[in-house]
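Let me begin by presenting the structure, written as structure tokens, before commenting on it.
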Amino acid sequence: MSVFAYPSQVIREAERPLLDVGVDLMSRAARALARCSAEVLQESRGQVSGSRVTVLAGPGNNAGDGLFAAAALSRRGAHITVVTLFEATHDGGLDAARRAGADVIGFPETDADISAEVLRELTRSDLVFDSILGTGARRGLPTHIASLLNDWQRSSSVNGTRGRNSATGTHGSKRAAATVIAVDVPSDLSPDEKGSTDRIHADHTVTFGGLKTELTDPRVRAFTGTVTVIDIGLELDAKLATAEVVDTGDLNADFPRPGPEEYKYSRGIVGILAGSEEYPGAGVLTSTSAVNCGVGMVRYLGSQLVAEFVIGLHAEVVTATGRMDAVVMGPGDPETEHVHDAVDSLSETNVPVVLDAGGLDMVGRAESVKGTWLAERPVVLTPHAGELARLLSRILGEIITASRINSDPIGWAQMAARLSGCIVLLKGHQTVIAAPDGFCVLPEVGPASLATAGSGDVLAGIIGAMVAIAHARNQHSSAEHPLLERELAHTVGLGVLVHNAAGRRAVNAGALVDAVAEVTGELIHGGYLIE
């Protein structure tokens with residue numbers, strides 16, 4: 001289900017009132033960490049008893065979390081080794097670990113014998129806690145710690161995309177790799193690939209109180225592994241969130257199912273200006289995916305040739321002009337005269353627009369659209385990295401490349417949203433949906449099968465249908481306020497989830513549009529989607 005992400009400072013401020021009245025948040029965090037760790041050990045080796053757990057302990061509170069959790073694991077039969085990496089660590093946590101029978105190794109900056117001992121302990125561990133540095137730490141690890149981590153990773157074989165450790169037993173046989181759990185956040189977390197061998201690559205990150213913004217950046221997945229958020233009783237204000245992570249659970253909960261009192265106009269009408277005589281297939285795919293989303297009506301606004309193909313497949317699509325609740329423009333390079341007609345039909349309305357492919361050329365800086373047809377309406381842009389690079393190159397007056405976009409998808413999507421004043425859906429391995437205020441919606445990653453010709457046209461049709469339904473419901477509601485940016489971004493995120501779910505059932509765009517109907521049919525008639 002939907003999880004909001006917050007700056008670390010917001011979470012620390014939410015902790016303060018509880019700490020002031022004596023609530024032991026560390027105890028709550030440590031118990032949850034011990035429980036998660038026990039589950040990991042039971043899955044990897046069948047039991048907690050007899051396992052070897054090493055705590056890499058720094059000077060802060062996350063060391064306390066790791067040490068108290070390790071003490072709990074010791075009481076279940078685990079052998080605990082604590083490696084203190086600084087002159088001091090969390091006193092209460094260290095005392096608890098010692099009372100539980102932990103071995104403690106002080107790791108000074110220079111001592112070859114102790115370095116070898118620590119490295120040996122790491123390589124024979126079943127579980128390692130990264131409790132070195134927390135959210136308040138500055139970037140960069142001390143040299144002796146970075147060197148230890150480098151030696152540990154160099155002595156290990158690379159497993160998959162993360163540097164998980166694989167140790168060698170006394171007879172040369174490979175033993176199971178140590179599972180690494182980062183406590184709250186991985187130490188020295190940074191999207192910068194430089195120095196990645198000097199940092200820990202966690203298999204799991206167990207974070208407390210709320211999801212930290214830095215953990216949502218797709219560039220840090222190699223360091224975080226899977227992220228588990230532990231509720232320790234904080235009251236976080238969603239208005240202070242910087243991002244929302246959505247998955248199939250949100251689709252099941254929030255998909256706009258038709259109510260018993262709804263009719264076709266309250267269900268939304270989407271206009272589709274997609275396809276041309278040169279690229280008719282784009283019009284068919286975009287229109288079909290909109291039809292298959294269960295929108296109230298689809299109007300096709302393009303060329304007569306493409307209209308005949310569309311109506312031949314979907315007799316319910318209309319070509320007559322009339323009311324619309326959203327318009328999709330751009331896929332398949334529609335002819336200029338149809339674009340002009342569509343723009344004229346939108347004058348003096350607040351109908352949302354979804355711009356894809358060639359439609360993106362209409363967008364400039366937010367200041368430049370004031371007084372134009374794009375002003376006073378919600379606009380959703382759906383570029384891939386190359387299209388966003390061209391858009392930003394035009395706006396900024398400098399060359400932006402697709403590789404630069406891919407190096408920081410969240411940052412560039414946020415910049416494009418801020419400069420254009422539009423919701424920006426940046427397509428890619430990790431789809432990013434950015435609002436002009438910087439807020440992002442991050443849908444779960446879709447299947448690789450979506451990387452196929454026509455997939456973007458299908459997505460544009462889905463987004464158009466979802467936005468039309470949201471706009472129609474908003475117009476019929478008693479509130480009668482315009483769609484808010486974050487509401488619209490969430491709606492667009494649901495559309496991406498529909499696209500992802502359909503992609504898991506199809507290998508090409510032709511099959512994808514049929515799968516859209518299957519997915520939405522299950523959501524509407526079955527009530528929930530089983531993936």
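Residues in the structure tokens are named by chain (A, B, ... in the order shown) and by number from 1 within that chain; ligands are numbered from 1 in the order shown.
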- Message: Need to verify the contact set: range 347-362 of chain A, 10 Å, only C-alpha atoms, exclusion of same-chain residues closer than 3 positions in sequence. Can you return it as number ranges by chain?
- Response: A: 270-274, 323-334, 339, 342-344, 369, 372-384, 387-388, 390-391, 394, 422-425, 456-457, 459-461, 463-465, 467-468, 471-472, 482-483, 488
- Item | Long-range neighbours of Glu367 in chain A as a list in words, 10 Å cut-off, only C-alpha atoms, 2 positions minimum in chain | Gly364, Arg365, Val369, Lys370, Gly371, Ala375, Leu419, Ser420 and Gly421 of chain A
If you keep C-alpha atoms, can you produce a file of those selected residues as a PDB file, in the first residue's frame?
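The result, stored in selection_32.pdb:
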ATOM      1  CA  GLY A 364       8.004  25.534 -22.817  1.00  0.00           C
ATOM      2  CA  ARG A 365       8.740  27.288 -19.535  1.00  0.00           C
ATOM      3  CA  VAL A 369       2.370  29.231 -21.352  1.00  0.00           C
ATOM      4  CA  LYS A 370       0.564  31.971 -19.427  1.00  0.00           C
ATOM      5  CA  GLY A 371      -2.285  33.226 -21.553  1.00  0.00           C
ATOM      6  CA  ALA A 375      -2.724  27.768 -18.993  1.00  0.00           C
ATOM      7  CA  LEU A 419      10.060  24.671 -15.197  1.00  0.00           C
ATOM      8  CA  SER A 420       6.986  23.634 -17.180  1.00  0.00           C
ATOM      9  CA  GLY A 421       4.375  23.820 -14.438  1.00  0.00           C
TER      10      GLY A 421
END
Would you please give, as a PDB file with N, CA and C atoms, in the first residue's frame, all residues of range 29-267 of chain A that DSSP assigns to strand (DSSP E or B) based on the backbone?
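The result, stored in out19.pdb:
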ATOM      1  N   ARG A  52      25.708 -16.826  13.387  1.00  0.00           N
ATOM      2  CA  ARG A  52      26.744 -15.856  13.762  1.00  0.00           C
ATOM      3  C   ARG A  52      26.304 -14.483  13.256  1.00  0.00           C
ATOM      4  N   VAL A  53      26.226 -13.522  14.178  1.00  0.00           N
ATOM      5  CA  VAL A  53      25.775 -12.171  13.859  1.00  0.00           C
ATOM      6  C   VAL A  53      26.865 -11.186  14.256  1.00  0.00           C
ATOM      7  N   THR A  54      27.234 -10.317  13.324  1.00  0.00           N
ATOM      8  CA  THR A  54      28.232  -9.285  13.599  1.00  0.00           C
ATOM      9  C   THR A  54      27.577  -7.919  13.513  1.00  0.00           C
ATOM     10  N   VAL A  55      27.855  -7.074  14.509  1.00  0.00           N
ATOM     11  CA  VAL A  55      27.347  -5.704  14.530  1.00  0.00           C
ATOM     12  C   VAL A  55      28.513  -4.761  14.268  1.00  0.00           C
ATOM     13  N   LEU A  56      28.454  -4.027  13.158  1.00  0.00           N
ATOM     14  CA  LEU A  56      29.410  -2.963  12.897  1.00  0.00           C
ATOM     15  C   LEU A  56      28.839  -1.704  13.534  1.00  0.00           C
ATOM     16  N   ALA A  57      29.389  -1.322  14.684  1.00  0.00           N
ATOM     17  CA  ALA A  57      28.773  -0.292  15.526  1.00  0.00           C
ATOM     18  C   ALA A  57      29.497   1.038  15.406  1.00  0.00           C
ATOM     19  N   HIS A  79      25.246 -16.309  18.133  1.00  0.00           N
ATOM     20  CA  HIS A  79      26.543 -15.862  18.630  1.00  0.00           C
ATOM     21  C   HIS A  79      26.768 -14.451  18.099  1.00  0.00           C
ATOM     22  N   ILE A  80      27.018 -13.501  18.993  1.00  0.00           N
ATOM     23  CA  ILE A  80      27.115 -12.094  18.620  1.00  0.00           C
ATOM     24  C   ILE A  80      28.557 -11.606  18.743  1.00  0.00           C
ATOM     25  N   THR A  81      29.024 -10.927  17.711  1.00  0.00           N
ATOM     26  CA  THR A  81      30.293 -10.213  17.756  1.00  0.00           C
ATOM     27  C   THR A  81      30.021  -8.750  17.456  1.00  0.00           C
ATOM     28  N   VAL A  82      30.492  -7.873  18.327  1.00  0.00           N
ATOM     29  CA  VAL A  82      30.346  -6.433  18.137  1.00  0.00           C
ATOM     30  C   VAL A  82      31.707  -5.864  17.754  1.00  0.00           C
ATOM     31  N   VAL A  83      31.738  -5.137  16.656  1.00  0.00           N
ATOM     32  CA  VAL A  83      32.955  -4.451  16.231  1.00  0.00           C
ATOM     33  C   VAL A  83      32.718  -2.956  16.414  1.00  0.00           C
ATOM     34  N   THR A  84      33.398  -2.350  17.396  1.00  0.00           N
ATOM     35  CA  THR A  84      33.248  -0.911  17.611  1.00  0.00           C
ATOM     36  C   THR A  84      34.249  -0.191  16.715  1.00  0.00           C
ATOM     37  N   ASP A 103      30.824 -11.017  22.095  1.00  0.00           N
ATOM     38  CA  ASP A 103      32.245 -10.695  22.020  1.00  0.00           C
ATOM     39  C   ASP A 103      32.377  -9.293  21.452  1.00  0.00           C
ATOM     40  N   VAL A 104      33.311  -8.509  21.956  1.00  0.00           N
ATOM     41  CA  VAL A 104      33.497  -7.135  21.507  1.00  0.00           C
ATOM     42  C   VAL A 104      34.925  -6.952  21.025  1.00  0.00           C
ATOM     43  N   ILE A 105      35.042  -6.433  19.807  1.00  0.00           N
ATOM     44  CA  ILE A 105      36.347  -6.152  19.221  1.00  0.00           C
ATOM     45  C   ILE A 105      36.433  -4.664  18.955  1.00  0.00           C
ATOM     46  N   GLY A 106      37.443  -4.010  19.513  1.00  0.00           N
ATOM     47  CA  GLY A 106      37.695  -2.614  19.190  1.00  0.00           C
ATOM     48  C   GLY A 106      38.537  -2.550  17.933  1.00  0.00           C
ATOM     49  N   LEU A 127      24.868 -13.084   9.436  1.00  0.00           N
ATOM     50  CA  LEU A 127      24.143 -11.819   9.375  1.00  0.00           C
ATOM     51  C   LEU A 127      25.063 -10.715   9.870  1.00  0.00           C
ATOM     52  N   VAL A 128      25.049  -9.579   9.162  1.00  0.00           N
ATOM     53  CA  VAL A 128      25.843  -8.419   9.558  1.00  0.00           C
ATOM     54  C   VAL A 128      24.928  -7.213   9.654  1.00  0.00           C
ATOM     55  N   PHE A 129      24.977  -6.516  10.792  1.00  0.00           N
ATOM     56  CA  PHE A 129      24.257  -5.253  10.956  1.00  0.00           C
ATOM     57  C   PHE A 129      25.176  -4.098  10.565  1.00  0.00           C
ATOM     58  N   ASP A 130      24.716  -3.275   9.625  1.00  0.00           N
ATOM     59  CA  ASP A 130      25.387  -2.008   9.347  1.00  0.00           C
ATOM     60  C   ASP A 130      24.768  -0.967  10.277  1.00  0.00           C
ATOM     61  N   SER A 131      25.420  -0.747  11.415  1.00  0.00           N
ATOM     62  CA  SER A 131      24.979   0.259  12.376  1.00  0.00           C
ATOM     63  C   SER A 131      26.065   1.320  12.543  1.00  0.00           C
ATOM     64  N   ASN A 159      27.599 -11.235  -6.086  1.00  0.00           N
ATOM     65  CA  ASN A 159      26.374 -12.011  -6.296  1.00  0.00           C
ATOM     66  C   ASN A 159      25.312 -11.092  -6.856  1.00  0.00           C
ATOM     67  N   ARG A 162      24.313  -6.682  -6.475  1.00  0.00           N
ATOM     68  CA  ARG A 162      24.832  -6.126  -5.240  1.00  0.00           C
ATOM     69  C   ARG A 162      26.081  -6.876  -4.853  1.00  0.00           C
ATOM     70  N   GLY A 163      26.942  -6.223  -4.098  1.00  0.00           N
ATOM     71  CA  GLY A 163      28.176  -6.845  -3.655  1.00  0.00           C
ATOM     72  C   GLY A 163      27.968  -7.696  -2.426  1.00  0.00           C
ATOM     73  N   THR A 168      34.532 -18.386   1.863  1.00  0.00           N
ATOM     74  CA  THR A 168      35.031 -19.715   1.557  1.00  0.00           C
ATOM     75  C   THR A 168      35.330 -20.452   2.850  1.00  0.00           C
ATOM     76  N   LYS A 174      32.282 -23.213  -0.871  1.00  0.00           N
ATOM     77  CA  LYS A 174      31.574 -21.950  -0.664  1.00  0.00           C
ATOM     78  C   LYS A 174      30.507 -22.120   0.414  1.00  0.00           C
ATOM     79  N   THR A 179      24.104 -12.181   5.099  1.00  0.00           N
ATOM     80  CA  THR A 179      23.037 -11.235   4.780  1.00  0.00           C
ATOM     81  C   THR A 179      23.327  -9.941   5.527  1.00  0.00           C
ATOM     82  N   VAL A 180      23.279  -8.825   4.812  1.00  0.00           N
ATOM     83  CA  VAL A 180      23.590  -7.532   5.407  1.00  0.00           C
ATOM     84  C   VAL A 180      22.301  -6.747   5.597  1.00  0.00           C
ATOM     85  N   ILE A 181      22.071  -6.300   6.835  1.00  0.00           N
ATOM     86  CA  ILE A 181      20.916  -5.460   7.147  1.00  0.00           C
ATOM     87  C   ILE A 181      21.420  -4.081   7.571  1.00  0.00           C
ATOM     88  N   ALA A 182      21.023  -3.060   6.823  1.00  0.00           N
ATOM     89  CA  ALA A 182      21.334  -1.685   7.200  1.00  0.00           C
ATOM     90  C   ALA A 182      20.309  -1.218   8.227  1.00  0.00           C
ATOM     91  N   VAL A 183      20.791  -0.659   9.322  1.00  0.00           N
ATOM     92  CA  VAL A 183      19.923  -0.207  10.406  1.00  0.00           C
ATOM     93  C   VAL A 183      19.538   1.251  10.159  1.00  0.00           C
ATOM     94  N   HIS A 204      19.030  -5.792   2.906  1.00  0.00           N
ATOM     95  CA  HIS A 204      17.797  -5.232   3.449  1.00  0.00           C
ATOM     96  C   HIS A 204      18.134  -3.966   4.227  1.00  0.00           C
ATOM     97  N   THR A 205      17.229  -3.009   4.180  1.00  0.00           N
ATOM     98  CA  THR A 205      17.307  -1.840   5.054  1.00  0.00           C
ATOM     99  C   THR A 205      16.050  -1.813   5.897  1.00  0.00           C
ATOM    100  N   VAL A 206      16.223  -1.772   7.208  1.00  0.00           N
ATOM    101  CA  VAL A 206      15.087  -1.667   8.135  1.00  0.00           C
ATOM    102  C   VAL A 206      15.118  -0.253   8.695  1.00  0.00           C
ATOM    103  N   THR A 207      14.134   0.553   8.307  1.00  0.00           N
ATOM    104  CA  THR A 207      14.122   1.966   8.686  1.00  0.00           C
ATOM    105  C   THR A 207      12.944   2.238   9.618  1.00  0.00           C
ATOM    106  N   PHE A 208      13.089   3.222  10.487  1.00  0.00           N
ATOM    107  CA  PHE A 208      12.163   3.395  11.602  1.00  0.00           C
ATOM    108  C   PHE A 208      11.411   4.721  11.530  1.00  0.00           C
ATOM    109  N   LEU A 211       9.397   6.263   6.025  1.00  0.00           N
ATOM    110  CA  LEU A 211      10.329   6.078   4.911  1.00  0.00           C
ATOM    111  C   LEU A 211      11.105   7.365   4.687  1.00  0.00           C
ATOM    112  N   LYS A 212      12.431   7.272   4.662  1.00  0.00           N
ATOM    113  CA  LYS A 212      13.261   8.442   4.417  1.00  0.00           C
ATOM    114  C   LYS A 212      13.350   8.721   2.927  1.00  0.00           C
ATOM    115  N   THR A 226      16.132  -4.421  -0.267  1.00  0.00           N
ATOM    116  CA  THR A 226      14.720  -4.191   0.028  1.00  0.00           C
ATOM    117  C   THR A 226      14.592  -3.319   1.277  1.00  0.00           C
ATOM    118  N   VAL A 227      13.584  -2.461   1.283  1.00  0.00           N
ATOM    119  CA  VAL A 227      13.403  -1.518   2.388  1.00  0.00           C
ATOM    120  C   VAL A 227      12.133  -1.870   3.152  1.00  0.00           C
ATOM    121  N   THR A 228      12.266  -2.031   4.456  1.00  0.00           N
ATOM    122  CA  THR A 228      11.132  -2.295   5.335  1.00  0.00           C
ATOM    123  C   THR A 228      10.958  -1.117   6.276  1.00  0.00           C
ATOM    124  N   VAL A 229       9.755  -0.565   6.333  1.00  0.00           N
ATOM    125  CA  VAL A 229       9.470   0.582   7.190  1.00  0.00           C
ATOM    126  C   VAL A 229       8.780   0.091   8.464  1.00  0.00           C
ATOM    127  N   ILE A 230       9.360   0.449   9.611  1.00  0.00           N
ATOM    128  CA  ILE A 230       8.824   0.030  10.906  1.00  0.00           C
ATOM    129  C   ILE A 230       8.094   1.208  11.558  1.00  0.00           C
ATOM    130  N   ALA A 243       7.486  12.369  -1.226  1.00  0.00           N
ATOM    131  CA  ALA A 243       7.207  11.358  -2.249  1.00  0.00           C
ATOM    132  C   ALA A 243       6.189  10.354  -1.725  1.00  0.00           C
ATOM    133  N   GLU A 244       5.587   9.643  -2.656  1.00  0.00           N
ATOM    134  CA  GLU A 244       4.640   8.572  -2.344  1.00  0.00           C
ATOM    135  C   GLU A 244       5.014   7.367  -3.186  1.00  0.00           C
ATOM    136  N   VAL A 245       5.230   6.242  -2.535  1.00  0.00           N
ATOM    137  CA  VAL A 245       5.537   4.996  -3.236  1.00  0.00           C
ATOM    138  C   VAL A 245       4.251   4.187  -3.313  1.00  0.00           C
ATOM    139  N   VAL A 246       3.832   3.820  -4.531  1.00  0.00           N
ATOM    140  CA  VAL A 246       2.554   3.128  -4.710  1.00  0.00           C
ATOM    141  C   VAL A 246       2.781   1.769  -5.361  1.00  0.00           C
TER     142      VAL A 246
END
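Excluding Ala517 in chain A itself and any same-chain residue fewer than 4 positions from it, the protein and nucleic acid residues within 12 Å of it, counting only C-alpha atoms, are A:Thr288, A:Ser289, A:Ala290, A:Val291, A:Asn292, A:Cys293, A:Gly294, A:Val295, A:Val458, A:Ile462, A:Val498, A:His499, A:Ala501, A:Ala502, A:Gly503, A:Arg505, A:Ala506, A:Ala511, A:Leu512, A:Val513, A:Gly521, A:Glu522, A:Leu523, A:Ile524, A:His525.
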- Item | Nearby residues (only C-alpha atoms) at most 12 Å from Ala34 in chain A, same-chain spacing under 3 positions excluded, as a PyMOL selection string | chain A and resi 26-31+37-41+48+53+65-76+78+127+129+181+183+206+230
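Counting only C-alpha atoms and comparing A:Gly249, A:Gly259, A:Pro191, A:Pro447, the residue that lies closest to Gly411 in chain A is A:Pro191.
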- So which residues touch Ala413 in chain A within 10 Å, counting only C-alpha atoms, skipping near sequence neighbours fewer than 5 positions away, as a count of residues only? 21
